[in-house]
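*Asks:* Structure below; questions to follow.
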Amino acid sequence: MRRYLRKELRPAVLYHSPVDEQHPEDQRLLQEVKLLLTDYWPHPVLEFSGYVSTVYSCFWAVMPSMHMRGHMEVLDLSDGGTMSLHWYEPPTVNTNKVVVLLPGLNNDSHTSFIQSAMRHFRSEGFQAVALNYRGLAGLRLKTPKIACGDCFRDMPDVENHLAKTCPEAEFSAVGFSMGGSILLRHLGAVGANTLFSSAVTVAAPVDLEAVMKSFTSSARKKLVSFAIASGVKLLMLHELRKSQFAQLVDMRKVLTAGSLADIDEAAICPLHGYATAPEYHRAISARPHLGNIRIPTLVVQSEDDPVISYNTMPFQELRRNPRIYVAVTKRGGHIGWGSGGLGAGAWTDTMAAHFMQATSRTRSRNVEGTGAEGAEDRPFTLPSRL
C-alpha cells in the first residue's frame, strides 16, 4: 500500500510547447488538460505491470461484444475499395457532435473494447461511429489492399462522406494504437484541411521506424512481436483466402513470418506497392509530419507500454508543435488504462471525451510559432494528489 500511494500514484506528466501569454484561450486549454490528468488512478492489481495490463486489455479487445448495437454503412472508396462505418445510432442531418473511432491492429467495431468506447462517448453526448478498415467486419476485399497503417490514405474519402452525412456536426477523432498512427499520419498530411476539430491518440506508434527497431532489441520484445504477428497472420490469411488477391502474396512466407516486419515484407509490401518493409514503415510513420498538424491533439502514452516503448516517442518533435499535448502516465501498458476501480469504463475514454469537449468550446488560434527554440527542457508536471 505504501508503494502504491507513494510511487504508483505519481502524477501524470504533460509535455507541451510553452504557451504565449497573450492568448488566454491557449492558457485555458493547457490548464484544462492538466486538470484532466489528475483523474487517473492505476488499478493496484491489473495495472501493477505493463505486461499484466496489456494482456488483460488484449483479451478484452478481442472478445466479441455481448451488447452489440448500431447501424452499419458501407463506404465506397475512390479507388474502388470499401470500408464500413459502424454508427452507434443511425446518423441524422442535425447531429451535433460526432466522434470517429479508429480501432487498432486486429480490431474492428464488433469487439467489446470498441463497443464499450462507443457507449461511453454516447453517454458523454457524442454520436459515435467506428471505422472498419478494408476487409474487416465481414467486408470482402474489392482491391488488393488490406487493413494496415497505409489506410491513412483512405481518410480523405472518410471525411468527405462524413461531411455529407452530418453537415451540421462538429467532428472529433480518437485512434487506438495503429488507429492512432493512422490518425496522426492523416492529420500531418492534410494540415488545416481536415474535418476534425480535435483528435486523441491512445498508445499510438508515433515513430514507427523506431518501434519496429525496438522489437529486435531484446528477447522479450521479440516475443511480443511474435505474439502480435501470430494474431495478424490469422486475420490476414482469412481476409486473403476469401478474396481473389491471394495469388499476389507468397502465402508460405506469411505462414512462416515470425515478426511484424516479416509480415509487412511478405504481404503488405506486395499488396500496397512498397519495395521493402523499411520503405513502408517510413511512408506511414507520423513522426516526419507532426509539425503540420493544425488541430488540438492529445497523445496519451504510458511508460510501461511493452508494445510501443516509451523511448521510441519523439518528444522533441511533439513539443515543437503547440497544438499537440502529450500525456504520459507511469502505468497503463498498451491500452490497458482502467478506471482504478473507481468507476466503469476506461480512463482514456473519459480523458478523450473531456478533451474534445474542452476544445469544442473554442476555436484555437492559428499558432505559427513552433516553440522549438528557447523551450523548457522540463515537462509540465502536475501537483501531487496526496
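Ligands are numbered from 1 in the order shown, chains are lettered A, B, ... in the order of the C-alpha cells, and residues start at 1 in each chain.
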If you run DSSP on this backbone, which residues of segment 64-288 of chain A come out as alpha helix (DSSP H), and could you give them as number ranges by chain?
*Replies:* A: 112-123, 155-165, 178-190, 208-214, 219-241, 251-256, 260-263, 269-272, 277-284
*Asks:* Which residues are near Thr297 of chain A? Cut-off 6 Å, only C-alpha atoms, ignore same chain within fewer than 6 positions. Put them as a PDB file with C-alpha atoms, in the first residue's frame.
*Replies:*
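part-v4.pdb, written as the output of this step:
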```pdb
ATOM      1  CA  SER A 198      -9.736  17.852 -32.285  1.00  0.00           C
ATOM      2  CA  ALA A 199      -8.070  14.452 -32.013  1.00  0.00           C
ATOM      3  CA  VAL A 200      -6.892  11.986 -29.366  1.00  0.00           C
ATOM      4  CA  ILE A 324      -0.014  18.745 -29.548  1.00  0.00           C
TER       5      ILE A 324
END
```
*Asks:* Out of A:Gly138, A:Gly125, A:Pro306, A:Gly175, which residue has the shortest atom-to-atom distance to His238 of chain A when counting only C-alpha atoms?
*Replies:*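 Smallest separation from His238 of chain A among the options: A:Gly138.
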*Asks:* Within 7 Å of segment 157-172 of chain A, which residues of segment 72-92 of chain A show up? Give each one with its shortest atom-to-atom distance in Å (one decimal) and the two atoms involved, counting only C-alpha atoms, rows by chain then rising residue number, as JSON lines.
*Replies:*
```
{"residue": "A:Leu77", "atom": "CA", "partner": "A:Asp157", "partner_atom": "CA", "distance": 6.2}
{"residue": "A:Ser78", "atom": "CA", "partner": "A:Asp157", "partner_atom": "CA", "distance": 7.0}
{"residue": "A:Thr92", "atom": "CA", "partner": "A:Cys166", "partner_atom": "CA", "distance": 6.4}
```
*Asks:* Can you pull out every residue from segment 70-215 of chain A that DSSP, working from the backbone, puts in strand (DSSP E or B), and format the result as JSON, numbers by chain?
*Replies:* {"A": [71, 72, 73, 74, 75, 76, 82, 83, 84, 85, 86, 87, 97, 98, 99, 100, 101, 102, 111, 127, 128, 129, 130, 131, 132, 170, 171, 172, 173, 174, 175, 176, 196, 197, 198, 199, 200, 201, 202]}
*Asks:* Would you list the contacts of Val206 of chain A as a ChimeraX atom specification, taking every protein, DNA or RNA residue within 9 Å and counting only C-alpha atoms, but skipping same-chain residues closer than 4 positions in sequence?
*Replies:* /A:180-181,184-185,210-211,285-287,290,308,312-314
*Asks:* At a cut-off of 9 Å, can you tabulate as a Markdown table every residue of segment 229-249 of chain A near segment 254-278 of chain A together with its closest atom pair and the distance in Å to one decimal, using only C-alpha atoms and ordering rows by chain then number?
*Replies:*
```
| residue | atom | partner | partner_atom | distance |
| --- | --- | --- | --- | --- |
| A:Ala229 | CA | A:Leu260 | CA | 5.1 |
| A:Ser230 | CA | A:Gly258 | CA | 7.7 |
| A:Val232 | CA | A:Leu260 | CA | 8.2 |
| A:Lys233 | CA | A:Val254 | CA | 6.8 |
| A:Leu234 | CA | A:Leu255 | CA | 8.9 |
| A:Met236 | CA | A:Ala267 | CA | 8.7 |
| A:Leu237 | CA | A:Val254 | CA | 8.2 |
| A:Phe245 | CA | A:Leu271 | CA | 8.6 |
| A:Leu248 | CA | A:Leu271 | CA | 7.0 |
| A:Val249 | CA | A:Ala267 | CA | 5.7 |
```
*Asks:* Limited to N, CA and C atoms, could you put the picked residues into a file as a compact mmCIF listing (two decimals), in the first residue's frame?
*Replies:*
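Writing the result to selection.txt gives the following:
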```txt
# COMPACT_ATOMS: atom_id res chain seq x y z
N ALA A 229 2.25 -10.77 -34.21
CA ALA A 229 2.28 -11.26 -35.59
C ALA A 229 1.42 -12.50 -35.77
N SER A 230 1.36 -13.35 -34.75
CA SER A 230 0.54 -14.56 -34.84
C SER A 230 -0.93 -14.22 -35.03
N VAL A 232 -2.06 -11.36 -36.26
CA VAL A 232 -2.19 -10.70 -37.55
C VAL A 232 -2.26 -11.72 -38.68
N LYS A 233 -1.45 -12.77 -38.59
CA LYS A 233 -1.43 -13.79 -39.63
C LYS A 233 -2.80 -14.46 -39.79
N LEU A 234 -3.41 -14.79 -38.67
CA LEU A 234 -4.71 -15.47 -38.72
C LEU A 234 -5.75 -14.59 -39.42
N MET A 236 -5.16 -11.99 -41.44
CA MET A 236 -4.75 -11.70 -42.80
C MET A 236 -5.05 -12.88 -43.73
N LEU A 237 -4.74 -14.09 -43.28
CA LEU A 237 -5.00 -15.27 -44.10
C LEU A 237 -6.49 -15.44 -44.34
N PHE A 245 -7.28 -12.04 -54.41
CA PHE A 245 -5.95 -11.44 -54.43
C PHE A 245 -4.91 -12.29 -53.71
N LEU A 248 -1.38 -12.84 -55.19
CA LEU A 248 -0.41 -11.76 -55.19
C LEU A 248 0.57 -11.86 -54.02
N VAL A 249 0.29 -12.75 -53.09
CA VAL A 249 1.09 -12.86 -51.88
C VAL A 249 1.66 -14.27 -51.78
```
*Asks:* Figure out the distance between atom CA of Leu298 of chain A and atom CA of Gly70 of chain A, please, to one decimal in Å.
*Replies:*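 Computing the Euclidean distance for atom CA of Gly70 of chain A and atom CA of Leu298 of chain A yields 27.1 Å.
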*Asks:* Set the distance at 12 Å and use only C-alpha atoms: which residues neighbour Leu14 of chain A once local chain neighbours fewer than 6 positions away are removed? I'd like the list as a PyMOL selection string.
*Replies:* chain A and resi 30-38+298-302+315+318-319+324-330+378-383
*Asks:* Would you write out those residues with C-alpha atoms, as an mmCIF file, in the first residue's frame?
*Replies:*
```cif
data_model
loop_
_atom_site.group_PDB
_atom_site.id
_atom_site.type_symbol
_atom_site.label_atom_id
_atom_site.label_comp_id
_atom_site.auth_asym_id
_atom_site.auth_seq_id
_atom_site.Cartn_x
_atom_site.Cartn_y
_atom_site.Cartn_z
ATOM 1 C CA LEU A 30 -3.451 23.853 -21.247
ATOM 2 C CA GLN A 31 -4.765 24.197 -17.699
ATOM 3 C CA GLU A 32 -7.808 22.064 -18.514
ATOM 4 C CA VAL A 33 -5.600 19.304 -19.856
ATOM 5 C CA LYS A 34 -3.520 19.417 -16.668
ATOM 6 C CA LEU A 35 -6.669 19.052 -14.579
ATOM 7 C CA LEU A 36 -7.888 16.133 -16.675
ATOM 8 C CA LEU A 37 -4.702 14.196 -15.976
ATOM 9 C CA THR A 38 -5.297 14.262 -12.225
ATOM 10 C CA LEU A 298 -3.860 14.809 -27.286
ATOM 11 C CA VAL A 299 -1.309 11.960 -27.375
ATOM 12 C CA VAL A 300 -1.626 9.535 -24.440
ATOM 13 C CA GLN A 301 1.231 7.135 -23.678
ATOM 14 C CA SER A 302 2.371 5.026 -20.703
ATOM 15 C CA PHE A 315 9.170 14.028 -27.551
ATOM 16 C CA LEU A 318 5.957 16.510 -30.402
ATOM 17 C CA ARG A 319 6.776 19.508 -28.196
ATOM 18 C CA ILE A 324 -0.014 18.745 -29.548
ATOM 19 C CA TYR A 325 -0.384 17.746 -25.886
ATOM 20 C CA VAL A 326 1.475 14.615 -24.743
ATOM 21 C CA ALA A 327 0.225 12.949 -21.556
ATOM 22 C CA VAL A 328 2.489 10.253 -20.081
ATOM 23 C CA THR A 329 1.387 8.021 -17.208
ATOM 24 C CA LYS A 330 3.616 5.655 -15.255
ATOM 25 C CA ARG A 378 11.483 20.125 -18.207
ATOM 26 C CA PRO A 379 7.933 18.939 -18.874
ATOM 27 C CA PHE A 380 4.944 20.486 -17.150
ATOM 28 C CA THR A 381 4.285 18.346 -14.076
ATOM 29 C CA LEU A 382 1.099 18.199 -12.106
ATOM 30 C CA PRO A 383 0.814 18.692 -8.354
#
```
*Asks:* Skip Ile284 of chain A itself and residues of its chain fewer than 6 positions away, then list as an MDAnalysis selection string all residues within 8 Å of it, counting only C-alpha atoms.
*Replies:* chainID A and resid 149:150 152 182 185 208
*Asks:* Looking at only C-alpha atoms, which of A:Ser123, A:Arg140, A:Tyr51, A:Val100 is the one that sits closest to Phe196 of chain A?
*Replies:*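 That would be A:Val100, the residue with the smallest distance to Phe196 of chain A.
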*Asks:* Hey, which of A:Gln115, A:Thr143, A:Gln316, A:Gln244 ends up closest to Asp79 of chain A? Count only C-alpha atoms.
*Replies:* A:Thr143
*Asks:* Rounded to one decimal, what separation in Å do you get between atom CA of Ser360 of chain A and atom CA of Thr348 of chain A?
*Replies:* 18.0 Å
*Asks:* Show me, as a ChimeraX atom specification, the residues that have an atom within 10 Å of Val129 of chain A when counting only C-alpha atoms, minus same-chain residues fewer than 6 positions from it.
*Replies:* /A:70-72,84-91,98-102,109,114-115,118,121-122,162,173
*Asks:* Can I get the selection written as a short mmCIF file (atom, residue, chain, number, x, y, z; two decimals), in the first residue's frame, with C-alpha atoms?
*Replies:*
```cif
data_model
loop_
_atom_site.label_atom_id
_atom_site.label_comp_id
_atom_site.auth_asym_id
_atom_site.auth_seq_id
_atom_site.Cartn_x
_atom_site.Cartn_y
_atom_site.Cartn_z
CA GLY A 70 -25.67 0.18 -34.16
CA HIS A 71 -26.11 0.84 -37.86
CA MET A 72 -23.59 -0.48 -40.42
CA SER A 84 -17.62 0.32 -43.38
CA LEU A 85 -18.84 2.77 -40.77
CA HIS A 86 -20.46 1.41 -37.63
CA TRP A 87 -22.74 4.10 -36.22
CA TYR A 88 -23.78 3.64 -32.60
CA GLU A 89 -27.07 5.25 -33.59
CA PRO A 90 -28.28 5.98 -37.14
CA PRO A 91 -26.89 9.38 -38.23
CA VAL A 98 -19.62 13.20 -33.70
CA VAL A 99 -16.56 11.26 -32.57
CA VAL A 100 -14.90 8.89 -35.06
CA LEU A 101 -13.14 5.86 -33.57
CA LEU A 102 -10.16 4.29 -35.37
CA SER A 109 -16.23 -2.31 -34.36
CA ILE A 114 -14.69 -0.59 -29.28
CA GLN A 115 -18.33 -1.13 -28.33
CA MET A 118 -18.77 3.91 -28.27
CA PHE A 121 -18.79 8.54 -25.80
CA ARG A 122 -22.55 8.37 -26.35
CA LEU A 162 -18.98 12.20 -43.00
CA ALA A 173 -11.46 11.57 -33.77
#
```
*Asks:* Would you work out the distance separating atom CA of Glu25 of chain A from atom CA of Tyr40 of chain A, expressed in Å to one decimal?
*Replies:*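 Value for the atom CA of Glu25 of chain A-atom CA of Tyr40 of chain A distance: 24.6 Å.
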